[in-house]
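This report concerns only the one structure given below.
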Amino acid sequence: MTTTPQTLLEHLRGTIWARTLTAPEMARVEADCTEHFVPKGGFVCRKGEALVCWIGIIDGLVKMNNFSPSGKNVTFTGVAPGGWFGEGSLLKDDTRKYDVIALRDTRIARMPRATFEWLLENSLPFTRFLLMQLNERLGQFIGQIEYDRMLDVDTRVARSLAAMFNAHLYPGIDELVPISQEEIGYLSGASRQRANQALQLLEKQGLLRLDYGGIRVLDLEGLRHFEAQSGVS
DNA sequence: TCATTAAATTGTT
DNA sequence: AACAATTTAATGA
């Protein structure tokens, strides 16, 4: 089983955006990126911190705590191995708008801001990747604003998983993500029991399959558009 | 290689 | 939250 990338370099070469870079561009990325370890429960970065890096997840799992301007709306977004985040604040030359917390022991990669901006100016495919990712996030937020019944745990679980797989699935990586149901509970703000219940519902609908220690996504679109059903059909 | 044990994860109450 | 059942990982013969 090839579950986790072993080295920083291997991971960088396996990401979606890296595959579109030229050799010289890739060489600089590999030279500039550094690897860091964050223990379970630790902060990858905190709200209000100065922005210095674009951060990617090599191994482990983190959650982003996003606060809406109104202050109360706390939305959990998980980032799985292969996902990168922080570009929004980097582009706006702003401080971070959220806390990022490791749900388990996690290894992260940090790309210095200068490298990020250099890529942005020199690589069109990289820019295109960022546009796609920003658009995905925007769609998430709109969805959460539009439906005020986002209280449905089933829906939240489905959306959380779909969001993680957007970044993870494309390059033909495994559709199996090693994440325990307890961690899914953390991500969607529910108890483990409730997460289990939601997952079983989603499995019944053929959107995913439950494995020991992991989830296998069968229908990403279905997950993304899943809505809780009020009645029996 | 196979059997036993321990640890982690999951399903249920 | 607590319990039982199941799966994986680890250990030793």
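Naming works like this for the structure tokens: A, B, ... for the chains as they're shown, residue 1 at the start of each chain, ligands 1 onward in shown order.
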
Q. Contacts of DA13 (chain C) at 12 Å or less, counting only C-alpha atoms (C1' of nucleotides), minus same-chain residues fewer than 4 places along, as JSON, numbers by chain?
A. {"B": [1, 2, 3, 4]}

Write a file of the just-selected residues containing C-alpha atoms (C1' of nucleotides), as a PDB file, in the first residue's frame.
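Writing done, so here's out-v3.pdb:
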ATOM      1  C1'  DT B   1       5.031 -18.610   7.726  1.00  0.00           C
ATOM      2  C1'  DC B   2       1.803 -19.001  11.254  1.00  0.00           C
ATOM      3  C1'  DA B   3      -0.249 -18.115  15.849  1.00  0.00           C
ATOM      4  C1'  DT B   4      -0.882 -14.954  19.608  1.00  0.00           C
TER       5       DT B   4
END

Q: Enumerate as a ChimeraX atom specification the residues belonging to chain C that approach chain A to within 10 Å, with only C-alpha atoms (C1' of nucleotides) taken into account.
A: /C:6-8

Q: Write out as number ranges by chain every residue belonging to chain B that has an atom at most 10 Å from any atom of chain A, counting only C-alpha atoms (C1' of nucleotides).
A: B: 8-12

Q. For the atom pair CA of Arg19 (chain A) and CA of Gly139 (chain A), what is the interatomic distance in Å to one decimal place?
A.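 If I compute the distance from CA of Arg19 (chain A) to CA of Gly139 (chain A), I get 25.0 Å.
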
Q. Which parts of region 29-210 of chain A does DSSP call helix (DSSP H, G or I) when run on the backbone here, written out as a VMD selection string?
A. chain A and resid 29 to 32 87 to 92 113 to 122 124 to 146 153 to 169 181 to 188 192 to 204

Q.
Give me, as a PyMOL selection string, the residues of region 10-200 of chain A that a backbone DSSP run labels strand (DSSP E or B).
A. chain A and resi 34-38+43-45+53-59+62-67+74-79+84-85+98-102+106-112+176-177

Q. CA of Thr22 (chain A) and CA of Met132 (chain A), how far apart in Å?
A. 19.7 Å

Q: Could you give me, as a PyMOL selection string, the residues within 12 Å of Gly60 (chain A), counting only C-alpha atoms (C1' of nucleotides) and dropping anything in the same chain fewer than 2 positions from it?
A: chain A and resi 3-5+37-41+44+56-58+62-63+78-83+101-109+177-180+183

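Atom pair CA of Arg224 (chain A) / CA of Phe141 (chain A) has a distance of 12.8 Å (rounded to one decimal).
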